[in-house]
$ cat my_file.cif   # mmCIF, C-alpha atoms and all ligand atoms
data_upload
loop_
_atom_site.label_atom_id
_atom_site.label_comp_id
_atom_site.auth_asym_id
_atom_site.auth_seq_id
_atom_site.Cartn_x
_atom_site.Cartn_y
_atom_site.Cartn_z
CA MET G 28 24.04 -2.70 -23.75
CA THR G 29 21.33 -5.28 -23.33
CA GLU G 30 18.43 -4.89 -20.92
CA GLN G 31 20.04 -7.56 -18.74
CA HIS G 32 23.11 -5.41 -18.35
CA THR G 33 21.33 -2.14 -17.81
CA LEU G 34 18.81 -3.46 -15.30
CA PHE G 35 20.67 -6.13 -13.36
CA ALA G 36 24.37 -5.40 -13.65
CA LYS G 37 26.92 -7.13 -11.44
CA THR G 38 28.83 -3.95 -10.71
CA PRO G 39 28.19 -1.99 -8.69
CA ARG G 40 26.54 -4.57 -6.50
CA ILE G 41 22.76 -4.50 -6.23
CA ILE G 42 21.35 -3.44 -2.89
CA ALA G 43 17.63 -4.06 -2.79
CA GLY G 44 15.12 -3.31 -0.04
CA ASN G 45 12.04 -5.48 0.30
CA TRP G 46 9.59 -3.44 2.36
CA LYS G 47 7.09 -6.32 2.59
CA MET G 48 3.70 -5.38 4.14
CA HIS G 49 5.04 -2.36 5.98
CA GLY G 50 4.43 1.35 6.00
CA THR G 51 1.79 3.98 6.41
CA LYS G 52 1.37 6.89 4.05
CA ALA G 53 3.37 9.05 6.46
CA SER G 54 6.10 6.54 7.31
CA VAL G 55 6.71 5.67 3.66
CA GLN G 56 7.06 9.35 2.78
CA ALA G 57 9.50 9.81 5.64
CA LEU G 58 11.50 6.75 4.57
CA CYS G 59 11.65 8.00 0.98
CA ALA G 60 12.70 11.47 2.09
CA GLY G 61 15.46 9.94 4.22
CA ILE G 62 16.73 7.74 1.40
CA ALA G 63 16.54 10.58 -1.13
CA ALA G 64 18.56 12.84 1.15
CA GLY G 65 21.38 10.33 1.52
CA LEU G 66 21.53 8.60 -1.85
CA ARG G 67 23.21 9.85 -4.97
CA ARG G 68 21.65 8.50 -8.15
CA ASP G 69 22.35 4.78 -8.03
CA PRO G 70 20.46 2.49 -10.41
CA ALA G 71 21.86 -0.57 -8.63
CA VAL G 72 19.82 0.33 -5.57
CA MET G 73 16.27 -0.98 -5.70
CA VAL G 74 13.29 -0.73 -3.40
CA PHE G 75 10.21 -2.92 -3.41
CA PRO G 76 7.36 -1.15 -1.57
CA SER G 77 3.78 -2.41 -1.26
CA PHE G 78 1.54 -1.90 -4.30
CA LEU G 79 -0.26 0.84 -2.43
CA HIS G 80 2.85 2.95 -2.11
CA LEU G 81 4.43 2.34 -5.51
CA ASP G 82 3.28 5.58 -7.10
CA LYS G 83 4.44 7.80 -4.26
CA VAL G 84 7.75 5.97 -3.94
CA GLN G 85 8.34 6.21 -7.68
CA GLU G 86 7.61 9.95 -7.47
CA MET G 87 9.98 10.48 -4.54
CA LEU G 88 12.77 8.01 -5.36
CA GLY G 89 12.42 7.30 -9.07
CA THR G 90 15.33 9.54 -9.98
CA HIS G 91 17.54 8.19 -7.18
CA CYS G 92 17.14 4.45 -7.56
CA ARG G 93 14.89 1.84 -9.12
CA VAL G 94 11.48 0.92 -7.81
CA GLY G 95 9.91 -2.49 -8.17
CA ALA G 96 6.88 -4.45 -7.01
CA GLN G 97 6.74 -7.39 -4.60
CA ASP G 98 4.32 -9.41 -6.68
CA ILE G 99 2.59 -9.67 -10.05
CA SER G 100 -0.60 -11.25 -11.27
CA GLN G 101 -0.50 -14.56 -13.09
CA PHE G 102 -2.91 -12.93 -15.57
CA PRO G 103 -1.65 -10.67 -18.34
CA ASP G 104 -2.68 -7.15 -19.30
CA GLN G 105 -6.12 -6.44 -17.79
CA GLY G 106 -9.38 -8.19 -17.13
CA ALA G 107 -11.96 -9.28 -14.58
CA PHE G 108 -9.52 -10.45 -11.89
CA THR G 109 -10.52 -8.71 -8.68
CA GLY G 110 -7.59 -7.69 -6.54
CA GLU G 111 -4.94 -8.54 -9.12
CA VAL G 112 -2.22 -6.24 -10.48
CA SER G 113 -0.76 -7.15 -13.87
CA GLY G 114 2.71 -6.72 -15.27
CA ALA G 115 1.38 -4.29 -17.86
CA MET G 116 -0.04 -2.12 -15.06
CA LEU G 117 3.27 -2.22 -13.20
CA ARG G 118 5.18 -1.29 -16.31
CA ASP G 119 2.77 1.57 -16.93
CA MET G 120 3.52 2.83 -13.41
CA GLY G 121 7.20 2.98 -14.27
CA MET G 122 8.24 -0.12 -12.36
CA ALA G 123 11.56 -1.69 -13.32
CA ALA G 124 11.32 -5.09 -11.70
CA ILE G 125 9.37 -7.55 -9.60
CA LEU G 126 10.13 -10.07 -6.90
CA VAL G 127 8.99 -13.62 -7.64
CA GLY G 128 9.21 -16.74 -5.51
CA HIS G 129 9.85 -15.05 -2.17
CA SER G 130 9.70 -17.58 0.64
CA GLU G 131 6.80 -15.78 2.28
CA ARG G 132 4.78 -16.21 -0.90
CA ARG G 133 5.86 -19.83 -1.25
CA HIS G 134 5.40 -20.89 2.36
CA VAL G 135 2.89 -18.46 3.89
CA LEU G 136 0.70 -17.73 0.84
CA GLY G 137 1.12 -21.22 -0.57
CA GLU G 138 2.36 -20.30 -4.06
CA SER G 139 3.23 -23.36 -6.10
CA ASP G 140 6.24 -23.84 -8.35
CA GLN G 141 3.85 -23.64 -11.28
CA LEU G 142 2.42 -20.30 -10.18
CA ILE G 143 5.90 -18.89 -9.58
CA ARG G 144 6.94 -19.95 -13.06
CA LEU G 145 3.86 -18.28 -14.56
CA LYS G 146 4.44 -15.04 -12.65
CA LEU G 147 8.05 -14.96 -13.81
CA GLN G 148 6.94 -15.33 -17.41
CA ARG G 149 4.32 -12.60 -16.96
CA GLY G 150 7.00 -10.28 -15.65
CA TRP G 151 9.19 -10.83 -18.68
CA GLU G 152 6.26 -10.53 -21.06
CA ALA G 153 5.58 -7.10 -19.56
CA GLY G 154 9.22 -6.08 -19.99
CA LEU G 155 10.04 -6.18 -16.29
CA GLY G 156 13.18 -7.51 -14.69
CA VAL G 157 12.60 -10.46 -12.38
CA MET G 158 14.38 -11.07 -9.11
CA LEU G 159 13.72 -14.75 -8.43
CA CYS G 160 14.03 -15.73 -4.78
CA VAL G 161 15.04 -19.24 -3.79
CA GLY G 162 16.09 -20.87 -0.55
CA GLU G 163 15.89 -23.93 1.61
CA THR G 164 14.03 -24.37 4.89
CA ALA G 165 15.82 -25.29 8.12
CA SER G 166 14.71 -28.90 7.88
CA GLU G 167 15.87 -29.18 4.27
CA ARG G 168 19.27 -27.88 5.34
CA ASP G 169 19.39 -30.29 8.28
CA LEU G 170 18.61 -33.15 5.90
CA GLY G 171 21.46 -32.11 3.62
CA ALA G 172 18.95 -31.29 0.88
CA THR G 173 19.91 -27.65 0.26
CA GLN G 174 21.49 -28.15 -3.15
CA GLU G 175 18.63 -30.34 -4.31
CA ARG G 176 16.09 -27.76 -3.13
CA LEU G 177 17.83 -24.88 -4.90
CA ARG G 178 18.14 -26.95 -8.06
CA HIS G 179 14.46 -27.81 -7.97
CA GLN G 180 13.41 -24.20 -7.43
CA LEU G 181 15.52 -22.95 -10.33
CA ARG G 182 14.47 -25.75 -12.66
CA SER G 183 10.79 -25.38 -11.97
CA ALA G 184 10.92 -21.60 -12.43
CA LEU G 185 13.31 -21.40 -15.37
CA GLY G 186 13.36 -24.76 -17.10
CA GLN G 187 12.09 -24.95 -20.69
CA ASP G 188 11.73 -21.20 -20.97
CA LYS G 189 10.11 -19.98 -24.10
CA LEU G 190 10.92 -16.44 -23.13
CA LYS G 191 13.97 -15.06 -21.39
CA GLY G 192 14.33 -11.63 -19.86
CA PRO G 193 16.36 -9.71 -17.31
CA LEU G 194 16.97 -11.95 -14.33
CA ALA G 195 18.64 -11.79 -10.95
CA VAL G 196 18.50 -14.59 -8.40
CA ALA G 197 18.31 -13.95 -4.66
CA TYR G 198 19.44 -16.75 -2.38
CA GLU G 199 17.36 -16.40 0.77
CA PRO G 200 17.49 -19.35 3.15
CA VAL G 201 14.08 -19.46 4.81
CA TRP G 202 15.61 -19.99 8.27
CA ALA G 203 17.59 -16.75 7.93
CA ILE G 204 14.65 -14.51 7.01
CA GLY G 205 13.53 -12.25 9.82
CA THR G 206 15.29 -14.39 12.40
CA GLY G 207 18.33 -12.24 13.10
CA ARG G 208 20.46 -15.23 12.13
CA SER G 209 22.08 -14.74 8.74
CA ALA G 210 23.74 -17.58 6.84
CA THR G 211 27.51 -17.87 7.26
CA THR G 212 29.77 -16.64 4.50
CA GLU G 213 30.71 -20.28 3.75
CA GLN G 214 27.06 -21.31 3.45
CA VAL G 215 26.30 -18.36 1.17
CA ALA G 216 29.36 -18.90 -1.04
CA LEU G 217 28.58 -22.60 -1.51
CA SER G 218 24.93 -21.99 -2.36
CA LEU G 219 25.86 -19.27 -4.84
CA ASP G 220 28.22 -21.71 -6.58
CA TRP G 221 25.43 -24.30 -6.79
CA LEU G 222 23.02 -21.72 -8.18
CA ARG G 223 25.47 -20.59 -10.87
CA GLU G 224 26.16 -24.17 -11.86
CA GLU G 225 22.45 -24.83 -12.22
CA LEU G 226 21.81 -21.58 -14.11
CA ALA G 227 24.48 -22.55 -16.62
CA GLY G 228 22.90 -26.00 -16.98
CA LEU G 229 19.56 -24.35 -17.72
CA GLY G 230 21.05 -22.21 -20.46
CA HIS G 231 21.01 -19.00 -18.44
CA ASP G 232 23.98 -16.74 -18.11
CA PRO G 233 25.80 -18.15 -15.06
CA ASP G 234 27.25 -14.69 -14.66
CA LEU G 235 23.94 -13.00 -13.98
CA PRO G 236 23.67 -11.31 -10.56
CA VAL G 237 23.12 -13.63 -7.62
CA LEU G 238 22.28 -11.91 -4.34
CA TYR G 239 21.99 -12.98 -0.73
CA GLY G 240 19.12 -12.12 1.61
CA GLY G 241 18.24 -13.10 5.18
CA SER G 242 18.80 -10.95 8.30
CA VAL G 243 21.18 -8.57 6.54
CA ASN G 244 21.86 -5.51 8.68
CA MET G 245 24.40 -2.72 9.17
CA ARG G 246 26.57 -4.95 11.34
CA ASN G 247 26.85 -8.05 9.17
CA ALA G 248 26.73 -6.44 5.72
CA GLU G 249 30.48 -5.90 5.53
CA GLU G 250 31.25 -9.54 6.24
CA LEU G 251 28.68 -10.71 3.68
CA LEU G 252 29.96 -8.22 1.10
CA ALA G 253 33.40 -9.77 1.48
CA ILE G 254 32.09 -12.81 -0.42
CA ASP G 255 33.48 -11.87 -3.79
CA THR G 256 31.13 -14.13 -5.77
CA MET G 257 28.10 -12.38 -4.30
CA ASP G 258 26.55 -9.67 -6.44
CA GLY G 259 24.37 -7.92 -3.91
CA LEU G 260 22.02 -8.04 -0.96
CA LEU G 261 18.26 -8.25 -0.60
CA VAL G 262 17.44 -6.55 2.66
CA GLY G 263 14.17 -6.87 4.58
CA GLY G 264 13.83 -5.32 8.04
CA ALA G 265 16.95 -3.16 7.79
CA SER G 266 15.63 -1.52 4.61
CA LEU G 267 12.75 0.06 6.56
CA GLN G 268 15.04 2.65 8.18
CA ALA G 269 16.82 5.10 5.89
CA GLU G 270 19.87 5.13 8.15
CA SER G 271 20.48 1.37 8.10
CA PHE G 272 19.61 0.97 4.43
CA LEU G 273 21.93 3.82 3.42
CA GLU G 274 24.70 2.42 5.60
CA ILE G 275 24.43 -0.95 3.82
CA VAL G 276 24.52 0.83 0.45
CA ALA G 277 27.58 2.81 1.59
CA GLN G 278 29.36 -0.37 2.67
CA ALA G 279 28.66 -1.91 -0.74
CA ARG G 280 30.13 1.14 -2.48
CA ARG G 281 33.40 1.19 -0.50
P1 LIG G 301 15.05 -9.82 6.65
O1 LIG G 301 16.23 -8.99 6.14
O2 LIG G 301 14.09 -9.03 7.46
O3 LIG G 301 15.52 -11.09 7.26
O4 LIG G 301 14.23 -10.22 5.33
C1 LIG G 301 14.89 -10.75 4.25
C2 LIG G 301 13.97 -10.87 3.12
O5 LIG G 301 13.04 -11.65 3.13
C3 LIG G 301 14.20 -10.00 1.95
O6 LIG G 301 13.41 -10.37 0.88
#

$ encode --input "my_file.cif" --output "structure tokens" --more "lines below"
Ligand code: 13P
Amino acid sequence: MTEQHTLFAKTPRIIAGNWKMHGTKASVQALCAGIAAGLRRDPAVMVFPSFLHLDKVQEMLGTHCRVGAQDISQFPDQGAFTGEVSGAMLRDMGMAAILVGHSERRHVLGESDQLIRLKLQRGWEAGLGVMLCVGETASERDLGATQERLRHQLRSALGQDKLKGPLAVAYEPVWAIGTGRSATTEQVALSLDWLREELAGLGHDPDLPVLYGGSVNMRNAEELLAIDTMDGLLVGGASLQAESFLEIVAQARR
């Protein structure tokens, strides 16, 4: 089996929790204990805690699921880059994967297409899997520019790759993140088709896992999981409670 298949398989579906900038030492330990108690070993479940908590989470959940980081430095290996964390350091800590291109990093932190592309390459150079997040804003959707936006984001991140590595793509419409308003199943299915078409055009396996994220919770997960072309969910807020995260995992395993 290739790394692509072992890290980002399509079945069972990937359920990933992006913990963003949340958690205290105590709350993260409690969350890990809750997840560990309710989760049988499932390598298709992934959690992305803050850098600060990676070691503890790896210690508590590393045998239950995979642990990844929310970001990576644009610089390789090590060096005089205050505040940065490299792919080599993440790999050394036992991390499996990283998130790249999340809308909060694009729109709140101002990351450019160029920086996202560089971070993706750094992840692969370090032997990490990359979950590339893409998605349109509300105004882009209103203008009918969703397909164009997704195409641009994929092309700028993946076009003319010298290096290829394990990849999953997460479709996360910006207007659905943290708003309580998830995309409809029709909107998700159409965007996933566009993304696969574009991946194929870029010479990537169009069959690689494509996930949905944006206000996924215990109540709407079942409906979203009914989209048979969708290979998993990237969960924000609802991944911060063991009960709701485990319930979403259970629904994906039914
Ligand atoms: P919410 O599930 O809180 O909307 O966040 C989604 C997200 O950004 C996951 O990366």

$ closest_residue --input "my_file.cif" --among "G:Gln97, G:Gln187, G:Gln105, G:Gln180" --to "ligand LIG 301 (chain G)" --atoms "all atoms listed in the file"
G:Gln97

$ closest_residue --input "my_file.cif" --among "G:Glu199, G:Asp69, G:Glu249, G:Glu111" --to "ligand LIG 301 (chain G)" --atoms "only C-alpha atoms and all ligand atoms"
G:Glu199

$ residues_near_ligand --input "my_file.cif" --ligand "ligand LIG 301 (chain G)" --cutoff "9 Å" --atoms "all atoms listed in the file" --output "PDB file with C-alpha atoms, in the coordinates of the input"
ATOM      1  CA  ALA G  43      17.630  -4.060  -2.790  1.00  0.00           C
ATOM      2  CA  GLY G  44      15.120  -3.310  -0.040  1.00  0.00           C
ATOM      3  CA  ASN G  45      12.040  -5.480   0.300  1.00  0.00           C
ATOM      4  CA  TRP G  46       9.590  -3.440   2.360  1.00  0.00           C
ATOM      5  CA  LYS G  47       7.090  -6.320   2.590  1.00  0.00           C
ATOM      6  CA  LEU G 126      10.130 -10.070  -6.900  1.00  0.00           C
ATOM      7  CA  HIS G 129       9.850 -15.050  -2.170  1.00  0.00           C
ATOM      8  CA  SER G 130       9.700 -17.580   0.640  1.00  0.00           C
ATOM      9  CA  GLU G 131       6.800 -15.780   2.280  1.00  0.00           C
ATOM     10  CA  CYS G 160      14.030 -15.730  -4.780  1.00  0.00           C
ATOM     11  CA  ALA G 197      18.310 -13.950  -4.660  1.00  0.00           C
ATOM     12  CA  GLU G 199      17.360 -16.400   0.770  1.00  0.00           C
ATOM     13  CA  PRO G 200      17.490 -19.350   3.150  1.00  0.00           C
ATOM     14  CA  VAL G 201      14.080 -19.460   4.810  1.00  0.00           C
ATOM     15  CA  TRP G 202      15.610 -19.990   8.270  1.00  0.00           C
ATOM     16  CA  ALA G 203      17.590 -16.750   7.930  1.00  0.00           C
ATOM     17  CA  ILE G 204      14.650 -14.510   7.010  1.00  0.00           C
ATOM     18  CA  GLY G 205      13.530 -12.250   9.820  1.00  0.00           C
ATOM     19  CA  THR G 206      15.290 -14.390  12.400  1.00  0.00           C
ATOM     20  CA  GLY G 207      18.330 -12.240  13.100  1.00  0.00           C
ATOM     21  CA  ARG G 208      20.460 -15.230  12.130  1.00  0.00           C
ATOM     22  CA  SER G 209      22.080 -14.740   8.740  1.00  0.00           C
ATOM     23  CA  TYR G 239      21.990 -12.980  -0.730  1.00  0.00           C
ATOM     24  CA  GLY G 240      19.120 -12.120   1.610  1.00  0.00           C
ATOM     25  CA  GLY G 241      18.240 -13.100   5.180  1.00  0.00           C
ATOM     26  CA  SER G 242      18.800 -10.950   8.300  1.00  0.00           C
ATOM     27  CA  VAL G 243      21.180  -8.570   6.540  1.00  0.00           C
ATOM     28  CA  ASN G 244      21.860  -5.510   8.680  1.00  0.00           C
ATOM     29  CA  LEU G 260      22.020  -8.040  -0.960  1.00  0.00           C
ATOM     30  CA  LEU G 261      18.260  -8.250  -0.600  1.00  0.00           C
ATOM     31  CA  VAL G 262      17.440  -6.550   2.660  1.00  0.00           C
ATOM     32  CA  GLY G 263      14.170  -6.870   4.580  1.00  0.00           C
ATOM     33  CA  GLY G 264      13.830  -5.320   8.040  1.00  0.00           C
ATOM     34  CA  ALA G 265      16.950  -3.160   7.790  1.00  0.00           C
ATOM     35  CA  SER G 266      15.630  -1.520   4.610  1.00  0.00           C
TER      36      SER G 266
END

$ closest_residue --input "my_file.cif" --among "G:Thr211, G:Gly106, G:Ala57, G:Gly156" --to "Glu250 (chain G)" --atoms "only C-alpha atoms"
G:Thr211

$ atom_distance --input "my_file.cif" --atom1 "CA of Ile254 (chain G)" --atom2 "CA of Thr164 (chain G)"
22.1 Å

$ axis_aligned_box --input "my_file.cif" --around "region 113-131 of chain G" --padding-each-side "4 Å" --output "JSON"
{"center_x": 5.4, "center_y": -7.3, "center_z": -7.8, "size_x": 20.3, "size_y": 28.6, "size_z": 28.1}

$ closest_residue --input "my_file.cif" --among "G:Gly171, G:Val74, G:Ala53, G:His179" --to "Ile41 (chain G)" --atoms "only C-alpha atoms"
G:Val74

$ closest_residue --input "my_file.cif" --among "G:Pro193, G:Gly61, G:Pro70, G:Gly230" --to "Arg93 (chain G)" --atoms "all atoms listed in the file"
G:Pro70

$ atom_distance --input "my_file.cif" --atom1 "CA of Pro103 (chain G)" --atom2 "CA of Val135 (chain G)"
24.0 Å

$ closest_residue --input "my_file.cif" --among "G:Leu267, G:Leu219, G:Leu273, G:Leu238" --to "Pro76 (chain G)" --atoms "only C-alpha atoms"
G:Leu267

$ closest_atom_pairs --input "my_file.cif" --of "region 133-165 of chain G" --to "region 115-118 of chain G" --cutoff "9 Å" --atoms "all atoms listed in the file" --output "tab-separated table"
residue	atom	partner	partner_atom	distance
G:Arg149	CA	G:Ala115	CA	8.9
G:Gly150	CA	G:Ala115	CA	8.5
G:Glu152	CA	G:Ala115	CA	8.5
G:Ala153	CA	G:Ala115	CA	5.3
G:Gly154	CA	G:Arg118	CA	7.3
G:Leu155	CA	G:Arg118	CA	6.9

$ write_last_selection --input "my_file.cif" --atoms "C-alpha atoms" --output "CSV table (one decimal), keeping the file's coordinate frame"
chain,number,residue,atom,x,y,z
G,149,ARG,CA,4.3,-12.6,-17.0
G,150,GLY,CA,7.0,-10.3,-15.6
G,152,GLU,CA,6.3,-10.5,-21.1
G,153,ALA,CA,5.6,-7.1,-19.6
G,154,GLY,CA,9.2,-6.1,-20.0
G,155,LEU,CA,10.0,-6.2,-16.3

$ atom_distance --input "my_file.cif" --atom1 "CA of Gln174 (chain G)" --atom2 "CA of Asp255 (chain G)"
20.2 Å

$ residues_near_point --input "my_file.cif" --point "(9.8, -10.5, -14.0)" --cutoff "12 Å" --atoms "all atoms listed in the file" --output "ChimeraX atom specification"
/G:31,34-35,95-101,113-115,117-118,122-128,143-160,184-185,190-196

$ write_last_selection --input "my_file.cif" --atoms "C-alpha atoms" --output "tab-separated table (two decimals), in the frame of the given file"
chain	number	residue	atom	x	y	z
G	31	GLN	CA	20.04	-7.56	-18.74
G	34	LEU	CA	18.81	-3.46	-15.30
G	35	PHE	CA	20.67	-6.13	-13.36
G	95	GLY	CA	9.91	-2.49	-8.17
G	96	ALA	CA	6.88	-4.45	-7.01
G	97	GLN	CA	6.74	-7.39	-4.60
G	98	ASP	CA	4.32	-9.41	-6.68
G	99	ILE	CA	2.59	-9.67	-10.05
G	100	SER	CA	-0.60	-11.25	-11.27
G	101	GLN	CA	-0.50	-14.56	-13.09
G	113	SER	CA	-0.76	-7.15	-13.87
G	114	GLY	CA	2.71	-6.72	-15.27
G	115	ALA	CA	1.38	-4.29	-17.86
G	117	LEU	CA	3.27	-2.22	-13.20
G	118	ARG	CA	5.18	-1.29	-16.31
G	122	MET	CA	8.24	-0.12	-12.36
G	123	ALA	CA	11.56	-1.69	-13.32
G	124	ALA	CA	11.32	-5.09	-11.70
G	125	ILE	CA	9.37	-7.55	-9.60
G	126	LEU	CA	10.13	-10.07	-6.90
G	127	VAL	CA	8.99	-13.62	-7.64
G	128	GLY	CA	9.21	-16.74	-5.51
G	143	ILE	CA	5.90	-18.89	-9.58
G	144	ARG	CA	6.94	-19.95	-13.06
G	145	LEU	CA	3.86	-18.28	-14.56
G	146	LYS	CA	4.44	-15.04	-12.65
G	147	LEU	CA	8.05	-14.96	-13.81
G	148	GLN	CA	6.94	-15.33	-17.41
G	149	ARG	CA	4.32	-12.60	-16.96
G	150	GLY	CA	7.00	-10.28	-15.65
G	151	TRP	CA	9.19	-10.83	-18.68
G	152	GLU	CA	6.26	-10.53	-21.06
G	153	ALA	CA	5.58	-7.10	-19.56
G	154	GLY	CA	9.22	-6.08	-19.99
G	155	LEU	CA	10.04	-6.18	-16.29
G	156	GLY	CA	13.18	-7.51	-14.69
G	157	VAL	CA	12.60	-10.46	-12.38
G	158	MET	CA	14.38	-11.07	-9.11
G	159	LEU	CA	13.72	-14.75	-8.43
G	160	CYS	CA	14.03	-15.73	-4.78
G	184	ALA	CA	10.92	-21.60	-12.43
G	185	LEU	CA	13.31	-21.40	-15.37
G	190	LEU	CA	10.92	-16.44	-23.13
G	191	LYS	CA	13.97	-15.06	-21.39
G	192	GLY	CA	14.33	-11.63	-19.86
G	193	PRO	CA	16.36	-9.71	-17.31
G	194	LEU	CA	16.97	-11.95	-14.33
G	195	ALA	CA	18.64	-11.79	-10.95
G	196	VAL	CA	18.50	-14.59	-8.40

$ residues_around --input "my_file.cif" --residues "Pro233 (chain G)" --least-positions-apart "2" --cutoff "12 Å" --atoms "all atoms listed in the file" --output "list of chain:residue names"
G:Lys37, G:Leu194, G:Ala195, G:Val196, G:Leu219, G:Asp220, G:Trp221, G:Leu222, G:Arg223, G:Glu224, G:Glu225, G:Leu226, G:Ala227, G:Gly228, G:Leu229, G:Gly230, G:His231, G:Leu235, G:Pro236, G:Val237, G:Thr256

$ residues_around --input "my_file.cif" --residues "Arg280 (chain G)" --least-positions-apart "2" --cutoff "9 Å" --atoms "all atoms listed in the file" --output "number ranges by chain"
G: 39-40, 275-278

$ residues_near_point --input "my_file.cif" --point "(5.9, 10.5, -2.1)" --cutoff "12 Å" --atoms "all atoms listed in the file" --output "ChimeraX atom specification"
/G:51-63,76,79-89

$ decode --input "my_file.cif" --residues "region 66-72 of chain G" --atoms "all heavy atoms" --output "PDB file, in the first residue's frame"
ATOM      1  N   LEU G  66     -13.514   5.620  21.725  1.00  0.00           N
ATOM      2  CA  LEU G  66     -13.073   5.368  20.346  1.00  0.00           C
ATOM      3  C   LEU G  66     -12.213   4.115  20.279  1.00  0.00           C
ATOM      4  O   LEU G  66     -11.178   4.033  20.932  1.00  0.00           O
ATOM      5  CB  LEU G  66     -12.255   6.576  19.854  1.00  0.00           C
ATOM      6  CG  LEU G  66     -11.817   6.567  18.393  1.00  0.00           C
ATOM      7  CD1 LEU G  66     -13.017   6.785  17.468  1.00  0.00           C
ATOM      8  CD2 LEU G  66     -10.777   7.652  18.144  1.00  0.00           C
ATOM      9  N   ARG G  67     -12.662   3.182  19.475  1.00  0.00           N
ATOM     10  CA  ARG G  67     -11.781   2.040  19.186  1.00  0.00           C
ATOM     11  C   ARG G  67     -10.746   2.513  18.188  1.00  0.00           C
ATOM     12  O   ARG G  67     -10.993   3.465  17.451  1.00  0.00           O
ATOM     13  CB  ARG G  67     -12.591   0.891  18.606  1.00  0.00           C
ATOM     14  CG  ARG G  67     -12.984  -0.094  19.704  1.00  0.00           C
ATOM     15  CD  ARG G  67     -13.622  -1.321  19.110  1.00  0.00           C
ATOM     16  NE  ARG G  67     -15.044  -1.087  18.878  1.00  0.00           N
ATOM     17  CZ  ARG G  67     -15.741  -1.657  17.908  1.00  0.00           C
ATOM     18  NH1 ARG G  67     -15.153  -2.460  17.054  1.00  0.00           N
ATOM     19  NH2 ARG G  67     -17.032  -1.426  17.784  1.00  0.00           N
ATOM     20  N   ARG G  68      -9.614   1.865  18.114  1.00  0.00           N
ATOM     21  CA  ARG G  68      -8.554   2.294  17.203  1.00  0.00           C
ATOM     22  C   ARG G  68      -9.122   2.556  15.821  1.00  0.00           C
ATOM     23  O   ARG G  68      -9.745   1.687  15.212  1.00  0.00           O
ATOM     24  CB  ARG G  68      -7.491   1.194  17.133  1.00  0.00           C
ATOM     25  CG  ARG G  68      -6.151   1.691  16.697  1.00  0.00           C
ATOM     26  CD  ARG G  68      -5.177   0.530  16.541  1.00  0.00           C
ATOM     27  NE  ARG G  68      -4.777   0.399  15.141  1.00  0.00           N
ATOM     28  CZ  ARG G  68      -4.019   1.269  14.493  1.00  0.00           C
ATOM     29  NH1 ARG G  68      -3.588   2.359  15.100  1.00  0.00           N
ATOM     30  NH2 ARG G  68      -3.698   1.079  13.233  1.00  0.00           N
ATOM     31  N   ASP G  69      -8.948   3.787  15.347  1.00  0.00           N
ATOM     32  CA  ASP G  69      -9.535   4.163  14.058  1.00  0.00           C
ATOM     33  C   ASP G  69      -8.615   5.176  13.380  1.00  0.00           C
ATOM     34  O   ASP G  69      -8.689   6.374  13.632  1.00  0.00           O
ATOM     35  CB  ASP G  69     -10.932   4.770  14.291  1.00  0.00           C
ATOM     36  CG  ASP G  69     -11.689   4.978  12.986  1.00  0.00           C
ATOM     37  OD1 ASP G  69     -11.041   5.069  11.913  1.00  0.00           O
ATOM     38  OD2 ASP G  69     -12.935   5.070  13.043  1.00  0.00           O
ATOM     39  N   PRO G  70      -7.742   4.684  12.496  1.00  0.00           N
ATOM     40  CA  PRO G  70      -6.777   5.586  11.855  1.00  0.00           C
ATOM     41  C   PRO G  70      -7.416   6.578  10.896  1.00  0.00           C
ATOM     42  O   PRO G  70      -6.732   7.495  10.429  1.00  0.00           O
ATOM     43  CB  PRO G  70      -5.836   4.650  11.087  1.00  0.00           C
ATOM     44  CG  PRO G  70      -6.240   3.258  11.423  1.00  0.00           C
ATOM     45  CD  PRO G  70      -7.575   3.287  12.059  1.00  0.00           C
ATOM     46  N   ALA G  71      -8.702   6.437  10.610  1.00  0.00           N
ATOM     47  CA  ALA G  71      -9.368   7.419   9.753  1.00  0.00           C
ATOM     48  C   ALA G  71      -9.970   8.555  10.573  1.00  0.00           C
ATOM     49  O   ALA G  71     -10.631   9.435  10.022  1.00  0.00           O
ATOM     50  CB  ALA G  71     -10.427   6.740   8.893  1.00  0.00           C
ATOM     51  N   VAL G  72      -9.764   8.507  11.873  1.00  0.00           N
ATOM     52  CA  VAL G  72     -10.138   9.648  12.719  1.00  0.00           C
ATOM     53  C   VAL G  72      -8.861  10.448  12.963  1.00  0.00           C
ATOM     54  O   VAL G  72      -7.801   9.882  13.238  1.00  0.00           O
ATOM     55  CB  VAL G  72     -10.753   9.174  14.060  1.00  0.00           C
ATOM     56  CG1 VAL G  72     -10.940  10.341  15.014  1.00  0.00           C
ATOM     57  CG2 VAL G  72     -12.084   8.465  13.806  1.00  0.00           C
TER      58      VAL G  72
END
